[in-house]
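Visitor: Got a structure for you, questions after.
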Amino acid sequence: MIDLKVAIIGATGYAGIELVRLLLRHPEAELTYLTSDSYTGQELAAVYPHLTGLLQSSLALSIHDDGVSTLKAIDVHTIAQCADVVFLSLPAGLSSALVPQLLEQGLRVIDLGGDHRIPADLYEAWYKKMPADAAIFRQAVYGLTEIARTKVAGATFISNPGCYTTAAQLAILPSLQAGWIDGRRIIIDAKSGVSGAGRGVGLGTHFSEINENFKAYKIGAHQHTPEIEYHLSLASGQDTCVTFAPHLVPMTRGILATSYLPLQSKACGQLTQEQIYETYQEFYQDSPFVRIRPIGQFPQTKEVYGTNYCDIGLYLDQRTKQLIAVSVIDNLVKGAAGQAVQNLNVMYGLDETTGLEMSPLYP
Ligand SMILES: NC(=O)C1=CN([C@@H]2O[C@H](COP(=O)(O)OP(=O)(O)OC[C@H]3O[C@@H](n4cnc5c(N)ncnc54)[C@H](OP(=O)(O)O)[C@@H]3O)[C@@H](O)[C@H]2O)C=CC1
Ligand SMILES: CC(=O)N[C@@H](CCC(=O)OP(=O)(O)O)C(=O)O
């Protein structure tokens with residue numbers, strides 16, 4: 001029994017409340033401090049009534065009825081007294097001031113936001129915000145778990161990847177590392193459910209704007225573009241440049257990314273569909289959350305709903321000399337809270353799947 005005491009800063013957001021859901025059934029974690037900005041002093045179950053009666057029961061759930069479920073303001077010193085590890089789930093630009101303070105208190109930190117995923121010059125250019133301290137950025141381990149397990153295992157500070165970037169990179173990296181594709185001409189066409197935009201209300205996400213509608217947004221300007229390029233380049237050792245086109249679809253959860261990967265001329269005519277399937281299978285053979293679909297089958301968002309899976313389907317288009325990779329995740333689980341818990345598990349030497357063993361909710 002490890003008994004990790006866990007604080008969540010930003011527990012009332014969509015990613016934060018997904019962390020609560022997952023950690024309540026995590027056998028080694030105990031929630032000890034939950035923060036909110038707008039609801040301090042209120043009970044979490046008053047803000048999220050679906051949790052009524054779930055926070056105070058004892059055996060199956062680890063949160064205790066000692067005031068923990070009352071939402072608090074951020075107080076680094078109090079957090080240091082009651083937690084071992086802190087999840088940050090805040091809007092962009094807020095984590096960079098907090099992380100140094102939390103690390104100084106000896107806490108381990110997992111940041112779900114984008115403040116420490118890319119170097120300062122890229123962050124400033126794409127987020128249009130003040131970047132994090134360079135020394136703290138260097139301390140951050142980019143937690144795409146399947147690729148960074150060894151580093152995550154020894155880390156004190158994890159920068160959790162973005163949702164689109166998780167789906168795209170897991171689908172692209174095996175081909176890039178195999179040397180099959182030209183990394184400078186990748187196209188990623190991705191669609192997300194609306195929960196990806198968080199709980200805040202806005203014109204772009206309210207019902208009549210979203211329902212029976214389908215739109216592209218931030219083409220050429222999305223903050224995940226440099227994240228994908230930077231980390232694919234680091235992991236593969238090849239210069240990578242992507243055209244990234246995100247879209248919003250009228251569903252709550254889920255991301256589907258279709259990546260168009262141009263084949264290198266030496267790979268054209270030689271690669272087979274079977275070889276691609278086997279290479280991907282082998283690449284992810286020790287990764288319980290990545291499922292490679294049989295040849296000819298493409299995954300759907302519903303097939304990973306509520307889970308930490310990333311499912312990938314592949315098609316070798318000999319006619320256009322491209323490999324087409326379709327990947328799906330649940331943006332709030334593998335795209336945010338689930339991967340953060342997966343990283344927590346690896347960080348503390350637990351089985352990677354602890355607390356994440358659920359099967360998809362279907363239909
Ligand atoms: N939603 C998703 O699918 C994904 C989100 N992420 C990242 O996770 C982070 C959280 O996203 P998400 O949950 O969607 O966002 P939400 O807008 O739903 O939640 C934001 C949280 O931050 C709190 N908060 C907002 N402003 C402040 C402030 N000034 N001081 C302290 N707390 C504040 C809010 O508190 P309150 O509401 O109580 O005022 C809330 O708990 C973001 O960095 C996002 O990019 C990453 C991957 C996927
Ligand atoms: C549908 C939607 O709006 N999605 C968000 C992505 C959420 C996410 O992962 O953002 P961070 O990189 O900031 O953590 C967006 O496009 O900005």
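Chain lettering (A, B, ...) mirrors the order of the structure tokens, residue numbering begins at 1 for each chain separately, and ligand numbering begins at 1 in order of display.
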Using only C-alpha atoms and all ligand atoms, what does the table of chain A residues within 6 Å of ligand 2 look like, with each row giving the shortest atom pair and its distance in Å to one decimal, sorted by chain and ascending number, as JSON lines?

Guide:
```
{"residue": "A:Ala92", "atom": "CA", "partner": "ligand 2", "partner_atom_place_in_ligand_line": "13 (O)", "distance": 5.9}
{"residue": "A:Gly113", "atom": "CA", "partner": "ligand 2", "partner_atom_place_in_ligand_line": "14 (O)", "distance": 4.3}
{"residue": "A:Gly114", "atom": "CA", "partner": "ligand 2", "partner_atom_place_in_ligand_line": "14 (O)", "distance": 4.8}
{"residue": "A:Gly162", "atom": "CA", "partner": "ligand 2", "partner_atom_place_in_ligand_line": "9 (O)", "distance": 3.9}
{"residue": "A:Cys163", "atom": "CA", "partner": "ligand 2", "partner_atom_place_in_ligand_line": "9 (O)", "distance": 4.2}
{"residue": "A:Ser192", "atom": "CA", "partner": "ligand 2", "partner_atom_place_in_ligand_line": "1 (C)", "distance": 5.2}
{"residue": "A:Gly193", "atom": "CA", "partner": "ligand 2", "partner_atom_place_in_ligand_line": "1 (C)", "distance": 5.9}
{"residue": "A:Val194", "atom": "CA", "partner": "ligand 2", "partner_atom_place_in_ligand_line": "1 (C)", "distance": 4.9}
{"residue": "A:Gly196", "atom": "CA", "partner": "ligand 2", "partner_atom_place_in_ligand_line": "4 (N)", "distance": 3.9}
{"residue": "A:Ala197", "atom": "CA", "partner": "ligand 2", "partner_atom_place_in_ligand_line": "3 (O)", "distance": 3.5}
{"residue": "A:Leu248", "atom": "CA", "partner": "ligand 2", "partner_atom_place_in_ligand_line": "1 (C)", "distance": 5.8}
```

Visitor: Any chance you could export the current selection's N, CA and C atoms as a PDB file, in the first residue's frame?

Guide:
```pdb
ATOM      1  N   ALA A  92      -4.342  28.020 -19.398  1.00  0.00           N
ATOM      2  CA  ALA A  92      -2.958  28.316 -19.786  1.00  0.00           C
ATOM      3  C   ALA A  92      -2.490  29.622 -19.150  1.00  0.00           C
ATOM      4  N   GLY A 113      -1.871  21.387 -18.060  1.00  0.00           N
ATOM      5  CA  GLY A 113      -1.910  22.509 -18.995  1.00  0.00           C
ATOM      6  C   GLY A 113      -0.668  22.583 -19.870  1.00  0.00           C
ATOM      7  N   GLY A 114      -0.653  23.608 -20.736  1.00  0.00           N
ATOM      8  CA  GLY A 114       0.392  23.666 -21.760  1.00  0.00           C
ATOM      9  C   GLY A 114       1.619  24.490 -21.403  1.00  0.00           C
ATOM     10  N   GLY A 162      -0.938  17.696 -24.509  1.00  0.00           N
ATOM     11  CA  GLY A 162      -2.268  18.147 -24.912  1.00  0.00           C
ATOM     12  C   GLY A 162      -3.073  16.992 -25.513  1.00  0.00           C
ATOM     13  N   CYS A 163      -4.375  17.230 -25.688  1.00  0.00           N
ATOM     14  CA  CYS A 163      -5.261  16.153 -26.137  1.00  0.00           C
ATOM     15  C   CYS A 163      -5.024  15.790 -27.610  1.00  0.00           C
ATOM     16  N   SER A 192     -12.612  17.350 -32.482  1.00  0.00           N
ATOM     17  CA  SER A 192     -12.753  17.199 -31.028  1.00  0.00           C
ATOM     18  C   SER A 192     -14.175  17.446 -30.592  1.00  0.00           C
ATOM     19  N   GLY A 193     -14.555  16.769 -29.518  1.00  0.00           N
ATOM     20  CA  GLY A 193     -15.798  17.077 -28.818  1.00  0.00           C
ATOM     21  C   GLY A 193     -15.625  18.384 -28.052  1.00  0.00           C
ATOM     22  N   VAL A 194     -16.760  18.946 -27.615  1.00  0.00           N
ATOM     23  CA  VAL A 194     -16.757  20.308 -27.073  1.00  0.00           C
ATOM     24  C   VAL A 194     -16.156  20.380 -25.664  1.00  0.00           C
ATOM     25  N   GLY A 196     -13.466  19.550 -24.809  1.00  0.00           N
ATOM     26  CA  GLY A 196     -12.066  19.955 -24.981  1.00  0.00           C
ATOM     27  C   GLY A 196     -11.851  21.429 -24.706  1.00  0.00           C
ATOM     28  N   ALA A 197     -12.917  22.203 -24.811  1.00  0.00           N
ATOM     29  CA  ALA A 197     -12.793  23.649 -24.595  1.00  0.00           C
ATOM     30  C   ALA A 197     -13.002  24.034 -23.135  1.00  0.00           C
ATOM     31  N   LEU A 248     -14.273  21.303 -34.507  1.00  0.00           N
ATOM     32  CA  LEU A 248     -15.174  21.068 -33.378  1.00  0.00           C
ATOM     33  C   LEU A 248     -16.393  20.316 -33.891  1.00  0.00           C
TER      34      LEU A 248
END
```

Visitor: Taking only C-alpha atoms and all ligand atoms and a cut-off of 8 Å, can you tell me which residues surround ligand 1, written as JSON, numbers by chain?

Guide: {"A": [9, 10, 11, 12, 13, 14, 15, 16, 17, 35, 36, 37, 38, 39, 40, 73, 74, 88, 89, 90, 91, 92, 94, 111, 112, 113, 114, 115, 160, 161, 162, 163, 164, 195, 196, 197, 198, 199, 200, 253, 331, 332, 333, 335, 336, 337]}

Visitor: Find the residue from A:Leu356, A:Leu55, A:Leu232, A:Ile292 that sits nearest to A:Asn343; use only C-alpha atoms when measuring.

Guide: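 The shortest atom-to-atom distance to A:Asn343 comes from A:Leu356.
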
Visitor: Using only C-alpha atoms, find the one residue out of A:Tyr260, A:Phe289, A:Tyr217, A:Trp126 that sits nearest to A:Gln322.

Guide: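 Smallest separation from A:Gln322 among the options: A:Tyr260.
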
Visitor: Using DSSP on the backbone coordinates, identify all residues within stretch 13-55 of chain A classified as strand (DSSP E or B); present the result as a VMD selection string.

Guide: chain A and resid 29 to 35 43

Visitor: Using only C-alpha atoms, determine which residues lie at most 6 Å from stretch 264-276 of chain A, disregarding the query and same-chain residues fewer than 4 positions distant; provide the list as a short mmCIF file (atom, residue, chain, number, x, y, z; two decimals) with N, CA and C atoms, in the first residue's frame.

Guide:
```cif
data_model
loop_
_atom_site.label_atom_id
_atom_site.label_comp_id
_atom_site.auth_asym_id
_atom_site.auth_seq_id
_atom_site.Cartn_x
_atom_site.Cartn_y
_atom_site.Cartn_z
N TRP A 180 9.86 5.57 -42.68
CA TRP A 180 9.00 5.38 -43.85
C TRP A 180 8.51 6.69 -44.45
N ILE A 181 8.39 7.73 -43.60
CA ILE A 181 7.65 8.92 -44.07
C ILE A 181 8.50 10.19 -44.01
N ASP A 182 8.06 11.17 -44.81
CA ASP A 182 8.71 12.47 -44.82
C ASP A 182 8.05 13.32 -43.73
N LEU A 316 -2.47 1.80 -45.95
CA LEU A 316 -1.39 2.14 -46.86
C LEU A 316 -2.03 2.44 -48.22
#
```

Visitor: Which residues come within 7 Å of A:Ala29, counting only C-alpha atoms, excluding same-chain residues fewer than 5 positions away, as a list in words?

Guide: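 Close residues of A:Ala29: Asp3, Leu4, Lys5, Val6, Leu23 and Ser62 of chain A.
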
Visitor: May I have the residues from that selection written out with N, CA and C atoms, as an mmCIF file, in the first residue's frame?

Guide:
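Now in out.cif:
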```cif
data_model
loop_
_atom_site.group_PDB
_atom_site.id
_atom_site.type_symbol
_atom_site.label_atom_id
_atom_site.label_comp_id
_atom_site.auth_asym_id
_atom_site.auth_seq_id
_atom_site.Cartn_x
_atom_site.Cartn_y
_atom_site.Cartn_z
ATOM 1 N N ASP A 3 -0.442 4.597 -0.625
ATOM 2 C CA ASP A 3 -1.225 5.678 -0.045
ATOM 3 C C ASP A 3 -0.698 7.066 -0.391
ATOM 4 N N LEU A 4 -0.930 7.444 -1.615
ATOM 5 C CA LEU A 4 -0.493 8.760 -2.092
ATOM 6 C C LEU A 4 -1.525 9.819 -1.755
ATOM 7 N N LYS A 5 -1.071 10.873 -1.130
ATOM 8 C CA LYS A 5 -1.978 11.982 -0.826
ATOM 9 C C LYS A 5 -1.918 12.991 -1.984
ATOM 10 N N VAL A 6 -3.105 13.251 -2.512
ATOM 11 C CA VAL A 6 -3.166 13.976 -3.789
ATOM 12 C C VAL A 6 -3.973 15.270 -3.668
ATOM 13 N N LEU A 23 -9.499 9.279 -9.632
ATOM 14 C CA LEU A 23 -8.744 9.069 -8.391
ATOM 15 C C LEU A 23 -9.615 8.533 -7.266
ATOM 16 N N SER A 62 -11.688 6.810 -1.653
ATOM 17 C CA SER A 62 -10.621 7.136 -0.711
ATOM 18 C C SER A 62 -10.722 8.534 -0.106
#
```

Visitor: Residues at most 12 Å from A:Leu361, counting only C-alpha atoms, excluding those fewer than 4 positions away in the same chain, as a tab-separated table (two decimals) with N, CA and C atoms, in the first residue's frame?

Guide:
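Writing the result to selection-v9.tsv gives the following:
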```tsv
chain	number	residue	atom	x	y	z
A	253	ARG	N	-17.47	14.25	-25.67
A	253	ARG	CA	-16.09	13.76	-25.51
A	253	ARG	C	-15.60	13.15	-26.80
A	301	THR	N	-14.71	7.12	-32.06
A	301	THR	CA	-14.52	7.73	-30.72
A	301	THR	C	-15.30	6.98	-29.63
A	302	LYS	N	-16.46	6.46	-29.98
A	302	LYS	CA	-17.28	5.76	-28.98
A	302	LYS	C	-16.57	4.51	-28.43
A	303	GLU	N	-15.65	3.99	-29.23
A	303	GLU	CA	-14.98	2.74	-28.83
A	303	GLU	C	-13.91	2.94	-27.76
A	304	VAL	N	-13.64	4.22	-27.42
A	304	VAL	CA	-12.69	4.50	-26.33
A	304	VAL	C	-13.32	5.40	-25.26
A	305	TYR	N	-14.61	5.66	-25.39
A	305	TYR	CA	-15.32	6.63	-24.54
A	305	TYR	C	-15.15	6.31	-23.05
A	306	GLY	N	-14.67	7.29	-22.32
A	306	GLY	CA	-14.52	7.11	-20.86
A	306	GLY	C	-13.29	6.32	-20.46
A	307	THR	N	-12.42	6.00	-21.40
A	307	THR	CA	-11.25	5.16	-21.09
A	307	THR	C	-9.94	5.84	-21.48
A	308	ASN	N	-8.86	5.20	-21.08
A	308	ASN	CA	-7.53	5.74	-21.36
A	308	ASN	C	-6.93	5.16	-22.65
A	330	ASP	N	-10.34	9.52	-25.84
A	330	ASP	CA	-11.26	10.36	-25.08
A	330	ASP	C	-10.42	11.54	-24.61
```

Visitor: From stretch 88-178 of chain A, collect each residue whose DSSP state is helix (DSSP H, G or I) and return the set as a PyMOL selection string.

Guide: chain A and resi 95-104+120-127+134-139+145-153+163-178

Visitor: What is the atom CA of A:His116-atom CA of A:His247 distance in Å, reported with one decimal?

Guide: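 Answer for the atom CA of A:His116 to atom CA of A:His247 separation: 24.4 Å.
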
Visitor: Could you state the separation of atom CA of A:Thr243 and atom CA of A:Leu261 in Å, given to one decimal place?

Guide: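 According to the coordinates, atom CA of A:Thr243 and atom CA of A:Leu261 are separated by 11.0 Å.
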
Visitor: Could you list, as JSON, numbers by chain, every residue within 12 Å of A:Pro174, counting only C-alpha atoms and ignoring same-chain residues fewer than 4 positions away?

Guide: {"A": [146, 147, 168, 169, 170, 178, 179, 180, 181, 183, 232, 235, 236, 261, 275, 276, 277, 278, 279, 280, 281, 282, 283, 284, 292, 312, 314, 323, 325]}

Visitor: For A:Val290, which of A:Val341, A:Ala167, A:Cys82, A:Ile324 is the closest residue, counting only C-alpha atoms?

Guide: A:Ala167

Visitor: When distances are computed from only C-alpha atoms, which of A:Gln42, A:Gln139, A:Thr145, A:Ser69 shows the smallest separation from A:Val346?

Guide: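 Of A:Gln42, A:Gln139, A:Thr145, A:Ser69, the one nearest A:Val346, counting only C-alpha atoms, is A:Thr145.
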
Visitor: Check the smallest atom-to-atom distance from each of A:Met347, A:Arg21, A:Leu31, A:Gly355 to A:Thr150 using only C-alpha atoms, then report the winner.

Guide: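 Among A:Met347, A:Arg21, A:Leu31, A:Gly355, it is A:Met347 that comes nearest to A:Thr150.
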
Visitor: Measure the distance from atom CA of A:Leu22 to atom CA of A:Leu103 in Å and round it to one decimal.

Guide: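 Distance reported for this atom pair: 23.9 Å.
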
Visitor: Smallest atom-to-atom distance to A:Phe298: which of A:Met358, A:Gln318, A:Leu51, A:Ser327, using only C-alpha atoms?

Guide: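 Going through A:Met358, A:Gln318, A:Leu51, A:Ser327 one by one, the smallest distance to A:Phe298 is for A:Ser327.
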